[in-house]
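One file, upload-v8.tsv, is given below (TSV, C-alpha atoms).
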```
chain	number	residue	atom	x	y	z
A	1196	MET	CA	0.00	0.00	0.00
A	1197	ASN	CA	1.01	3.58	-0.47
A	1198	PRO	CA	3.26	5.01	2.26
A	1199	SER	CA	1.04	7.87	3.25
A	1200	TRP	CA	-1.86	5.49	3.45
A	1201	GLN	CA	-0.38	4.08	6.64
A	1202	LEU	CA	3.18	3.75	5.24
A	1203	ARG	CA	2.74	0.51	3.33
A	1204	LEU	CA	0.32	-0.84	5.90
A	1205	ARG	CA	2.66	-0.56	8.88
A	1206	ARG	CA	-0.19	0.89	10.88
A	1207	CYS	CA	-2.62	-1.34	9.05
A	1208	ARG	CA	-0.73	-4.38	10.30
A	1209	GLY	CA	-1.64	-3.30	13.80
A	1210	TYR	CA	-5.31	-2.75	13.32
A	1211	VAL	CA	-5.66	-5.72	10.98
A	1212	LEU	CA	-4.16	-7.97	13.64
A	1213	ALA	CA	-6.19	-6.29	16.33
A	1214	ALA	CA	-9.31	-7.20	14.42
A	1215	ALA	CA	-8.10	-10.81	14.20
A	1216	LEU	CA	-7.62	-10.24	10.48
A	1217	VAL	CA	-11.28	-11.01	9.83
A	1218	VAL	CA	-14.23	-8.85	8.82
A	1219	THR	CA	-17.53	-10.54	8.02
A	1220	LEU	CA	-19.25	-9.12	4.96
A	1221	GLY	CA	-22.90	-8.89	4.09
A	1222	HIS	CA	-24.95	-8.48	7.25
A	1223	GLY	CA	-28.27	-8.70	5.48
A	1224	ALA	CA	-31.47	-10.58	6.12
A	1225	PRO	CA	-31.32	-14.37	6.44
A	1226	ALA	CA	-31.32	-16.35	3.21
A	1227	ALA	CA	-34.59	-17.64	1.87
A	1228	ALA	CA	-35.85	-20.77	3.56
A	1229	GLY	CA	-34.43	-23.93	2.11
A	1230	ARG	CA	-31.31	-22.26	0.68
A	1231	ALA	CA	-28.32	-21.71	2.94
A	1232	ASP	CA	-25.85	-18.99	2.06
A	1233	GLU	CA	-22.59	-20.25	0.53
A	1234	LYS	CA	-19.67	-19.39	2.81
A	1235	VAL	CA	-16.79	-17.69	0.98
A	1236	LEU	CA	-13.46	-16.47	2.36
A	1237	ILE	CA	-11.47	-13.84	0.42
A	1238	LEU	CA	-7.90	-12.70	1.13
A	1239	ALA	CA	-7.21	-9.08	0.17
A	1240	GLN	CA	-5.22	-6.00	1.06
A	1241	PRO	CA	-7.24	-3.01	2.22
A	1242	LEU	CA	-6.50	-1.03	-0.95
A	1243	ALA	CA	-8.76	1.60	-2.51
A	1244	ARG	CA	-8.29	-0.09	-5.88
A	1245	ALA	CA	-10.48	-2.88	-4.50
A	1246	ASP	CA	-13.30	-0.53	-3.50
A	1247	ALA	CA	-15.79	-2.79	-5.33
A	1248	VAL	CA	-15.21	-5.26	-2.48
A	1249	TRP	CA	-15.64	-2.48	0.09
A	1250	MET	CA	-19.01	-1.42	-1.30
A	1251	ALA	CA	-20.22	-4.97	-1.83
A	1252	GLN	CA	-19.57	-5.36	1.89
A	1253	ALA	CA	-21.08	-2.10	3.03
A	1254	LYS	CA	-24.25	-2.33	0.92
A	1255	GLY	CA	-25.04	-6.01	1.40
A	1256	PHE	CA	-24.53	-7.02	-2.25
A	1257	PHE	CA	-22.88	-10.31	-1.31
A	1258	LYS	CA	-25.89	-11.27	0.77
A	1259	GLU	CA	-28.19	-10.44	-2.14
A	1260	GLU	CA	-26.39	-13.17	-4.07
A	1261	ASN	CA	-26.84	-15.64	-1.20
A	1262	LEU	CA	-23.18	-15.48	-0.25
A	1263	GLN	CA	-21.85	-15.31	3.30
A	1264	VAL	CA	-18.56	-13.60	2.49
A	1265	THR	CA	-15.72	-13.03	4.90
A	1266	VAL	CA	-12.70	-10.95	3.97
A	1267	ARG	CA	-9.42	-11.51	5.75
A	1268	TRP	CA	-7.47	-8.27	5.34
A	1269	VAL	CA	-3.74	-8.90	4.96
A	1270	SER	CA	-0.85	-6.47	4.91
A	1271	SER	CA	0.67	-7.42	1.54
A	1272	GLY	CA	0.00	-9.40	-1.60
A	1273	ASN	CA	2.83	-11.77	-0.72
A	1274	ASP	CA	1.23	-12.44	2.66
A	1275	ALA	CA	-2.10	-13.08	0.94
A	1276	LEU	CA	-0.58	-15.65	-1.39
A	1277	ARG	CA	1.41	-17.35	1.36
A	1278	THR	CA	-1.78	-17.79	3.36
A	1279	PHE	CA	-3.72	-18.87	0.28
A	1280	GLN	CA	-1.05	-21.40	-0.71
A	1281	ASP	CA	-0.81	-22.84	2.80
A	1282	GLY	CA	-4.48	-23.72	2.77
A	1283	SER	CA	-6.54	-26.24	0.85
A	1284	GLU	CA	-10.23	-26.71	0.27
A	1285	GLU	CA	-10.34	-29.44	2.89
A	1286	LYS	CA	-8.57	-27.37	5.53
A	1287	PRO	CA	-10.89	-25.40	7.84
A	1288	GLY	CA	-10.41	-21.65	7.50
A	1289	SER	CA	-8.73	-21.87	4.09
A	1290	ALA	CA	-9.37	-19.04	1.67
A	1291	ASP	CA	-11.48	-19.51	-1.43
A	1292	PHE	CA	-10.43	-16.43	-3.42
A	1293	VAL	CA	-7.44	-14.09	-3.32
A	1294	ILE	CA	-6.97	-10.56	-4.69
A	1295	VAL	CA	-3.42	-9.64	-5.75
A	1296	ASN	CA	-1.59	-7.62	-8.37
A	1297	GLU	CA	-0.79	-8.84	-11.87
A	1298	LEU	CA	2.80	-9.93	-11.20
A	1299	LEU	CA	1.92	-11.93	-8.10
A	1300	ALA	CA	-0.97	-13.58	-9.93
A	1301	VAL	CA	1.34	-14.79	-12.69
A	1302	HIS	CA	3.96	-15.93	-10.17
A	1303	HIS	CA	1.33	-17.94	-8.28
A	1304	TRP	CA	-0.02	-19.51	-11.46
A	1305	GLN	CA	3.56	-20.58	-12.24
A	1306	ALA	CA	4.20	-21.86	-8.70
A	1307	THR	CA	1.05	-24.00	-8.74
A	1308	ASP	CA	1.85	-25.50	-12.14
A	1309	GLY	CA	-1.29	-23.94	-13.58
A	1310	GLY	CA	-3.56	-24.96	-10.70
A	1311	PHE	CA	-4.51	-21.34	-10.03
A	1312	ALA	CA	-6.64	-19.18	-12.33
A	1313	VAL	CA	-7.68	-15.53	-12.51
A	1314	ILE	CA	-11.42	-15.09	-13.05
A	1315	ALA	CA	-11.40	-11.30	-13.56
A	1316	ALA	CA	-9.39	-8.13	-13.42
A	1317	LEU	CA	-10.99	-6.20	-10.59
A	1318	ALA	CA	-9.34	-2.85	-11.39
A	1319	ARG	CA	-6.40	-1.26	-13.17
A	1320	ASP	CA	-4.43	1.96	-12.87
A	1321	ALA	CA	-1.94	3.62	-15.21
A	1322	GLU	CA	-1.82	7.16	-13.83
A	1323	GLY	CA	-0.74	5.83	-10.44
A	1324	TYR	CA	2.62	4.66	-11.80
A	1325	VAL	CA	5.11	7.47	-12.41
A	1326	ALA	CA	8.65	8.24	-13.48
A	1327	ILE	CA	10.18	10.98	-11.33
A	1328	ALA	CA	13.39	12.43	-12.75
A	1329	ARG	CA	15.90	15.16	-12.04
A	1330	SER	CA	14.80	18.44	-13.57
A	1331	GLU	CA	17.51	18.26	-16.24
A	1332	VAL	CA	16.27	14.83	-17.44
A	1333	THR	CA	13.48	15.90	-19.79
A	1334	THR	CA	13.33	13.18	-22.46
A	1335	PRO	CA	13.43	9.38	-22.51
A	1336	GLU	CA	16.74	9.53	-24.37
A	1337	ALA	CA	18.27	11.53	-21.51
A	1338	LEU	CA	18.08	8.36	-19.37
A	1339	LYS	CA	20.52	6.51	-21.61
A	1340	GLY	CA	23.61	5.53	-19.65
A	1341	LYS	CA	22.13	6.90	-16.42
A	1342	ALA	CA	21.17	5.10	-13.21
A	1343	VAL	CA	17.46	4.46	-12.65
A	1344	GLY	CA	15.98	3.31	-9.35
A	1345	ILE	CA	13.34	0.58	-9.23
A	1346	GLU	CA	12.04	-2.02	-6.80
A	1347	VAL	CA	13.14	-5.32	-8.33
A	1348	GLY	CA	10.29	-7.46	-9.64
A	1349	SER	CA	7.70	-4.74	-9.09
A	1350	THR	CA	5.08	-3.20	-11.35
A	1351	GLY	CA	7.30	-0.10	-11.39
A	1352	ALA	CA	10.12	-2.21	-12.83
A	1353	TRP	CA	7.76	-3.47	-15.52
A	1354	PHE	CA	6.80	0.17	-16.27
A	1355	LEU	CA	10.47	1.02	-16.78
A	1356	GLY	CA	10.82	-1.85	-19.25
A	1357	GLU	CA	7.78	-0.79	-21.28
A	1358	TYR	CA	8.80	2.87	-21.21
A	1359	LEU	CA	12.27	2.12	-22.53
A	1360	ARG	CA	10.96	-0.30	-25.15
A	1361	ALA	CA	8.49	2.32	-26.44
A	1362	HIS	CA	11.41	4.69	-26.99
A	1363	GLY	CA	13.72	2.24	-28.73
A	1364	MET	CA	15.74	1.23	-25.67
A	1365	SER	CA	15.91	-1.53	-23.08
A	1366	GLU	CA	17.15	-1.97	-19.52
A	1367	LEU	CA	20.60	-2.62	-21.03
A	1368	ASP	CA	20.70	1.07	-22.03
A	1369	VAL	CA	20.41	2.28	-18.42
A	1370	ALA	CA	21.98	1.27	-15.11
A	1371	VAL	CA	19.13	-0.35	-13.19
A	1372	LYS	CA	19.57	0.11	-9.44
A	1373	PRO	CA	17.43	-1.85	-6.95
A	1374	VAL	CA	16.19	0.54	-4.29
A	1375	PRO	CA	13.13	0.64	-2.02
A	1376	PRO	CA	10.56	3.13	-3.32
A	1377	ASP	CA	10.60	5.27	-0.19
A	1378	SER	CA	14.28	6.05	-0.79
A	1379	ILE	CA	13.10	8.68	-3.27
A	1380	LEU	CA	12.14	10.78	-0.26
A	1381	THR	CA	15.78	10.96	0.89
A	1382	TRP	CA	17.20	11.34	-2.62
A	1383	ASN	CA	20.49	13.23	-2.38
A	1384	LEU	CA	20.27	15.34	-5.51
A	1385	ASP	CA	23.67	16.89	-4.88
A	1386	GLY	CA	25.61	13.67	-4.58
A	1387	ASP	CA	23.37	10.77	-5.59
A	1388	TYR	CA	24.01	9.14	-8.96
A	1389	LEU	CA	20.36	8.27	-9.67
A	1390	ALA	CA	18.72	10.11	-12.56
A	1391	ALA	CA	15.16	8.87	-12.03
A	1392	PHE	CA	12.83	6.52	-10.16
A	1393	PHE	CA	10.01	4.43	-11.63
A	1394	LEU	CA	7.45	3.66	-8.92
A	1395	ARG	CA	3.89	3.83	-7.66
A	1396	GLU	CA	2.17	6.84	-6.19
A	1397	PRO	CA	2.05	8.49	-3.75
A	1398	PHE	CA	5.86	8.23	-3.61
A	1399	GLY	CA	6.10	10.43	-6.69
A	1400	ALA	CA	3.79	13.11	-5.37
A	1401	ARG	CA	5.60	13.12	-2.05
A	1402	ALA	CA	8.97	13.42	-3.82
A	1403	LEU	CA	7.71	16.44	-5.76
A	1404	THR	CA	6.70	18.07	-2.49
A	1405	THR	CA	9.97	17.15	-0.77
A	1406	HIS	CA	12.39	18.09	-3.55
A	1407	GLY	CA	10.48	20.89	-5.25
A	1408	SER	CA	11.64	22.17	-8.63
A	1409	ARG	CA	14.76	19.99	-8.63
A	1410	VAL	CA	12.65	17.01	-9.78
A	1411	HIS	CA	9.65	16.58	-12.07
A	1412	ARG	CA	7.23	13.97	-13.33
A	1413	LEU	CA	8.83	12.64	-16.51
A	1414	ALA	CA	5.94	10.31	-17.37
A	1415	THR	CA	3.06	8.23	-16.11
A	1416	ALA	CA	2.38	4.68	-17.24
A	1417	LYS	CA	-0.60	5.78	-19.32
A	1418	GLY	CA	-0.11	4.51	-22.85
A	1419	TYR	CA	2.60	2.07	-21.76
A	1420	MET	CA	0.92	-0.37	-19.34
A	1421	SER	CA	-1.35	-0.56	-16.29
A	1422	GLY	CA	-1.06	-2.10	-12.86
A	1423	TYR	CA	-3.88	-4.51	-12.02
A	1424	MET	CA	-5.79	-5.99	-9.11
A	1425	MET	CA	-6.79	-9.55	-10.04
A	1426	ILE	CA	-9.18	-11.95	-8.34
A	1427	GLY	CA	-8.37	-15.63	-8.62
A	1428	THR	CA	-8.87	-19.03	-7.07
A	1429	ARG	CA	-7.91	-22.70	-7.33
A	1430	LYS	CA	-9.23	-24.41	-10.43
A	1431	SER	CA	-10.39	-27.23	-8.20
A	1432	TYR	CA	-12.57	-24.75	-6.28
A	1433	LEU	CA	-14.30	-23.67	-9.48
A	1434	ARG	CA	-15.00	-27.31	-10.32
A	1435	ASP	CA	-16.29	-28.21	-6.87
A	1436	HIS	CA	-18.36	-25.07	-6.17
A	1437	ALA	CA	-20.36	-24.52	-9.31
A	1438	GLY	CA	-21.99	-21.11	-9.58
A	1439	VAL	CA	-20.26	-19.47	-6.62
A	1440	ALA	CA	-17.77	-17.48	-8.69
A	1441	GLU	CA	-20.59	-16.19	-10.89
A	1442	ARG	CA	-22.57	-15.00	-7.86
A	1443	LEU	CA	-19.45	-13.38	-6.43
A	1444	LEU	CA	-18.83	-11.53	-9.70
A	1445	ARG	CA	-22.41	-10.27	-9.83
A	1446	ALA	CA	-22.10	-8.92	-6.28
A	1447	LEU	CA	-18.76	-7.27	-7.11
A	1448	GLU	CA	-20.30	-5.68	-10.20
A	1449	LYS	CA	-22.92	-4.05	-7.98
A	1450	GLY	CA	-20.13	-2.91	-5.68
A	1451	ARG	CA	-18.12	-1.57	-8.63
A	1452	ARG	CA	-21.02	0.53	-9.90
A	1453	TYR	CA	-21.83	1.79	-6.42
A	1454	ALA	CA	-18.20	2.76	-5.69
A	1455	GLU	CA	-17.98	4.63	-8.98
A	1456	GLU	CA	-21.00	6.74	-8.08
A	1457	HIS	CA	-20.44	7.28	-4.34
A	1458	LYS	CA	-16.94	8.58	-3.67
A	1459	ALA	CA	-17.82	9.97	-0.24
A	1460	GLU	CA	-18.97	6.55	0.97
A	1461	VAL	CA	-15.78	4.89	-0.28
A	1462	ILE	CA	-13.68	7.43	1.61
A	1463	GLN	CA	-15.81	7.01	4.72
A	1464	PHE	CA	-15.43	3.23	4.55
A	1465	ALA	CA	-11.63	3.65	4.57
A	1466	ARG	CA	-11.86	5.94	7.59
A	1467	GLU	CA	-14.08	3.63	9.60
A	1468	MET	CA	-12.87	0.18	8.58
A	1469	PHE	CA	-9.12	0.83	8.46
A	1470	SER	CA	-8.76	3.85	10.78
A	1471	VAL	CA	-7.35	5.95	7.94
A	1472	GLU	CA	-6.63	9.50	9.07
A	1473	ASP	CA	-4.98	11.04	6.00
A	1474	VAL	CA	-7.45	10.28	3.21
A	1475	ALA	CA	-5.59	12.18	0.47
A	1476	PRO	CA	-3.87	9.02	-0.86
A	1477	VAL	CA	-7.21	7.18	-0.79
A	1478	GLU	CA	-8.78	9.99	-2.78
A	1479	ALA	CA	-5.89	9.92	-5.26
A	1480	ASP	CA	-6.26	6.16	-5.75
A	1481	TYR	CA	-10.02	6.58	-6.13
A	1482	THR	CA	-9.49	9.11	-8.92
A	1483	SER	CA	-6.86	7.17	-10.89
A	1484	ASN	CA	-8.51	3.78	-10.42
A	1485	GLU	CA	-10.30	2.23	-13.40
A	1486	ARG	CA	-12.94	-0.13	-12.02
A	1487	LEU	CA	-12.98	-2.93	-14.53
A	1488	LEU	CA	-14.31	-6.29	-13.37
A	1489	GLY	CA	-13.71	-8.01	-16.65
A	1490	LEU	CA	-11.19	-9.39	-19.09
A	1491	ASP	CA	-11.13	-6.90	-21.94
A	1492	GLN	CA	-8.73	-6.38	-24.83
A	1493	VAL	CA	-6.64	-3.86	-22.87
A	1494	THR	CA	-6.09	-6.57	-20.24
A	1495	VAL	CA	-5.12	-9.09	-22.91
A	1496	GLY	CA	-2.64	-6.63	-24.41
A	1497	ASP	CA	-1.15	-5.69	-21.05
A	1498	PHE	CA	-0.63	-9.33	-20.10
A	1499	ASP	CA	1.05	-10.00	-23.43
A	1500	LYS	CA	3.45	-7.16	-22.57
A	1501	LEU	CA	3.86	-8.30	-18.96
A	1502	THR	CA	4.68	-11.91	-19.76
A	1503	ARG	CA	7.12	-10.87	-22.50
A	1504	TRP	CA	8.86	-8.57	-20.02
A	1505	MET	CA	8.91	-11.30	-17.36
A	1506	LYS	CA	10.57	-13.67	-19.81
A	1507	GLU	CA	13.21	-11.07	-20.71
A	1508	ALA	CA	13.77	-10.30	-17.03
A	1509	GLY	CA	14.22	-13.96	-16.12
A	1510	LEU	CA	11.01	-14.08	-14.08
A	1511	ALA	CA	9.12	-16.56	-16.26
A	1512	ALA	CA	9.29	-20.08	-14.85
A	1513	ARG	CA	7.13	-21.53	-17.64
A	1514	PRO	CA	5.67	-20.37	-20.97
A	1515	PHE	CA	2.61	-18.20	-20.44
A	1516	ASP	CA	-0.67	-19.82	-21.45
A	1517	ARG	CA	-3.53	-17.32	-21.52
A	1518	ASP	CA	-6.22	-20.01	-21.57
A	1519	SER	CA	-4.69	-21.65	-18.49
A	1520	PHE	CA	-3.99	-18.46	-16.53
A	1521	PHE	CA	-7.46	-16.97	-17.11
A	1522	ASP	CA	-10.63	-18.96	-16.50
A	1523	ALA	CA	-13.22	-16.90	-18.34
A	1524	ASP	CA	-16.16	-19.25	-17.75
A	1525	PRO	CA	-17.53	-17.47	-14.63
A	1526	LEU	CA	-17.47	-14.09	-16.43
A	1527	ARG	CA	-18.94	-15.69	-19.55
A	1528	ARG	CA	-21.92	-16.83	-17.52
A	1529	ALA	CA	-22.28	-13.81	-15.22
A	1530	LEU	CA	-21.11	-10.78	-17.24
A	1531	PRO	CA	-20.50	-11.90	-20.83
A	1532	GLU	CA	-20.25	-8.32	-22.09
A	1533	ARG	CA	-17.01	-7.94	-20.08
A	1534	LEU	CA	-15.07	-10.50	-22.12
A	1535	ALA	CA	-12.67	-9.72	-24.94
A	1536	PRO	CA	-13.13	-11.58	-28.26
A	1537	GLU	CA	-9.98	-13.57	-27.42
A	1538	PHE	CA	-12.09	-15.48	-24.88
A	1539	ALA	CA	-14.95	-16.25	-27.25
A	1540	ARG	CA	-16.00	-19.86	-27.67
```
Would you put the structure from the file into structure tokens?
Amino acid sequence: MNPSWQLRLRRCRGYVLAAALVVTLGHGAPAAAGRADEKVLILAQPLARADAVWMAQAKGFFKEENLQVTVRWVSSGNDALRTFQDGSEEKPGSADFVIVNELLAVHHWQATDGGFAVIAALARDAEGYVAIARSEVTTPEALKGKAVGIEVGSTGAWFLGEYLRAHGMSELDVAVKPVPPDSILTWNLDGDYLAAFFLREPFGARALTTHGSRVHRLATAKGYMSGYMMIGTRKSYLRDHAGVAERLLRALEKGRRYAEEHKAEVIQFAREMFSVEDVAPVEADYTSNERLLGLDQVTVGDFDKLTRWMKEAGLAARPFDRDSFFDADPLRRALPERLAPEFAR
């Protein structure tokens, strides 16, 4: 999570643990007689990009689909996947769905030998990924031969790769330096060798405030790629729990529409559920977030770029198989208009 939104969840770790990491969603009326609600456990970070989940919780949309949904809020995507991987359908308390970014989703699909599948892109964001450069670095070509700071294996690192590729270069044309994103806030512009950082907001905005006119926003990821929030599950779960994913997607679609139309309620949810005091980063994420809940052609194109970059970066453990990584059947049945032609049958 963004640093100013509880400094990458340092504070969130405290209140998440204090709440026993569990929030029950959908406190509506009891299900109709003769039909028990399906119990569903989701692992997710408390990120504004997943505000469709927030509003599905707050407005009872899960319950409307006869789902008894529990969300276990976790402090990072890696933690979510570790917990998800440690469980199994037979193990009490195991998660049924997990929400993570695009890179982690591909890594988990690889690690499970294709046993994991993404059923939808929940949201994406291009404006939230930025390149912050010294004031004298004003063109892509000015980066050639210079040092560029990235977090290794991050979406920001992928952004750098796509940005360079679009301008006829590659990572071989710059000196890639692995640095934590918050190091931009202590950037020594008088002695440091770094020419730019590629990272996620609000680090960029905070750097502009900290360093003033000595740095500037060289680019955003718009037109190059987008970062994603993906919802996925075990393929065995989809086989053994027919119809649940479709009901979940319908509830999330209601939450997506509601979040898009009720900004104040999204912000208030963050205040009350996660004890957020400084809501500026939440508001920024709300504005740049594209609520998707689908698998459209932009998603297909971005994942073609992502998996090519992962292969070049040595992060691909197996050839990417779109039909294995994405299971489009739940969307096809629940929201068929959200599918790209590539998923047509």
Using only C-alpha atoms, which protein or nucleic acid residues come within 10 Å of A:Ala1508? Drop anything in the same chain fewer than 6 positions from it, and give the result as a PDB file with C-alpha atoms, keeping the file's coordinate frame.
```pdb
ATOM      1  CA  GLY A1348      10.290  -7.460  -9.640  1.00  0.00           C
ATOM      2  CA  ALA A1352      10.120  -2.210 -12.830  1.00  0.00           C
ATOM      3  CA  TRP A1353       7.760  -3.470 -15.520  1.00  0.00           C
ATOM      4  CA  GLY A1356      10.820  -1.850 -19.250  1.00  0.00           C
ATOM      5  CA  GLU A1366      17.150  -1.970 -19.520  1.00  0.00           C
ATOM      6  CA  THR A1502       4.680 -11.910 -19.760  1.00  0.00           C
TER       7      THR A1502
END
```
Please measure the separation of atom CA of A:Arg1528 and atom CA of A:Ala1316, giving the value in Å to one decimal.
-> 15.8 Å
Polymer residues at most 7 Å from stretch 1294-1302 of chain A, only C-alpha atoms, same-chain spacing of 6 or more positions, as a list of chain:residue names | A:Leu1238, A:Ala1239, A:Gly1272, A:Gly1422, A:Tyr1423, A:Met1424, A:Met1425, A:Ile1426, A:Gly1427
Residue selection dump (C-alpha atoms) as a PDB file, keeping the file's coordinate frame:
```pdb
ATOM      1  CA  LEU A1238      -7.900 -12.700   1.130  1.00  0.00           C
ATOM      2  CA  ALA A1239      -7.210  -9.080   0.170  1.00  0.00           C
ATOM      3  CA  GLY A1272       0.000  -9.400  -1.600  1.00  0.00           C
ATOM      4  CA  GLY A1422      -1.060  -2.100 -12.860  1.00  0.00           C
ATOM      5  CA  TYR A1423      -3.880  -4.510 -12.020  1.00  0.00           C
ATOM      6  CA  MET A1424      -5.790  -5.990  -9.110  1.00  0.00           C
ATOM      7  CA  MET A1425      -6.790  -9.550 -10.040  1.00  0.00           C
ATOM      8  CA  ILE A1426      -9.180 -11.950  -8.340  1.00  0.00           C
ATOM      9  CA  GLY A1427      -8.370 -15.630  -8.620  1.00  0.00           C
TER      10      GLY A1427
END
```
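Each of A:Ser1378, A:Ser1470, A:Asn1383, A:Gln1280 was compared to A:Gly1399 using all atoms listed in the file, and A:Ser1378 turns out to be the nearest.
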Show me as JSON, numbers by chain the residues that reach within 10 Å of (-4.2, -19.1, -6.2), counting all atoms listed in the file and using the file's own coordinates.
-> {"A": [1275, 1276, 1277, 1278, 1279, 1280, 1290, 1291, 1292, 1293, 1294, 1295, 1299, 1300, 1301, 1302, 1303, 1304, 1305, 1306, 1307, 1309, 1310, 1311, 1312, 1313, 1426, 1427, 1428, 1429, 1430]}
Find the spatial neighbours of A:Ala1400, counting all atoms listed in the file, within a cut-off of 12 Å - ignore same-chain residues fewer than 3 positions away - and output them as a PDB file with C-alpha atoms, in the coordinates of the input.
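Contents of around_27.pdb, freshly written:
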```pdb
ATOM      1  CA  ASN A1197       1.010   3.580  -0.470  1.00  0.00           C
ATOM      2  CA  PRO A1198       3.260   5.010   2.260  1.00  0.00           C
ATOM      3  CA  SER A1199       1.040   7.870   3.250  1.00  0.00           C
ATOM      4  CA  GLU A1322      -1.820   7.160 -13.830  1.00  0.00           C
ATOM      5  CA  GLY A1323      -0.740   5.830 -10.440  1.00  0.00           C
ATOM      6  CA  TYR A1324       2.620   4.660 -11.800  1.00  0.00           C
ATOM      7  CA  VAL A1325       5.110   7.470 -12.410  1.00  0.00           C
ATOM      8  CA  ALA A1326       8.650   8.240 -13.480  1.00  0.00           C
ATOM      9  CA  ILE A1327      10.180  10.980 -11.330  1.00  0.00           C
ATOM     10  CA  ASP A1377      10.600   5.270  -0.190  1.00  0.00           C
ATOM     11  CA  ILE A1379      13.100   8.680  -3.270  1.00  0.00           C
ATOM     12  CA  LEU A1380      12.140  10.780  -0.260  1.00  0.00           C
ATOM     13  CA  LEU A1394       7.450   3.660  -8.920  1.00  0.00           C
ATOM     14  CA  ARG A1395       3.890   3.830  -7.660  1.00  0.00           C
ATOM     15  CA  GLU A1396       2.170   6.840  -6.190  1.00  0.00           C
ATOM     16  CA  PRO A1397       2.050   8.490  -3.750  1.00  0.00           C
ATOM     17  CA  LEU A1403       7.710  16.440  -5.760  1.00  0.00           C
ATOM     18  CA  THR A1404       6.700  18.070  -2.490  1.00  0.00           C
ATOM     19  CA  THR A1405       9.970  17.150  -0.770  1.00  0.00           C
ATOM     20  CA  HIS A1406      12.390  18.090  -3.550  1.00  0.00           C
ATOM     21  CA  GLY A1407      10.480  20.890  -5.250  1.00  0.00           C
ATOM     22  CA  VAL A1410      12.650  17.010  -9.780  1.00  0.00           C
ATOM     23  CA  HIS A1411       9.650  16.580 -12.070  1.00  0.00           C
ATOM     24  CA  ARG A1412       7.230  13.970 -13.330  1.00  0.00           C
ATOM     25  CA  THR A1415       3.060   8.230 -16.110  1.00  0.00           C
ATOM     26  CA  ALA A1475      -5.590  12.180   0.470  1.00  0.00           C
ATOM     27  CA  PRO A1476      -3.870   9.020  -0.860  1.00  0.00           C
ATOM     28  CA  ALA A1479      -5.890   9.920  -5.260  1.00  0.00           C
TER      29      ALA A1479
END
```
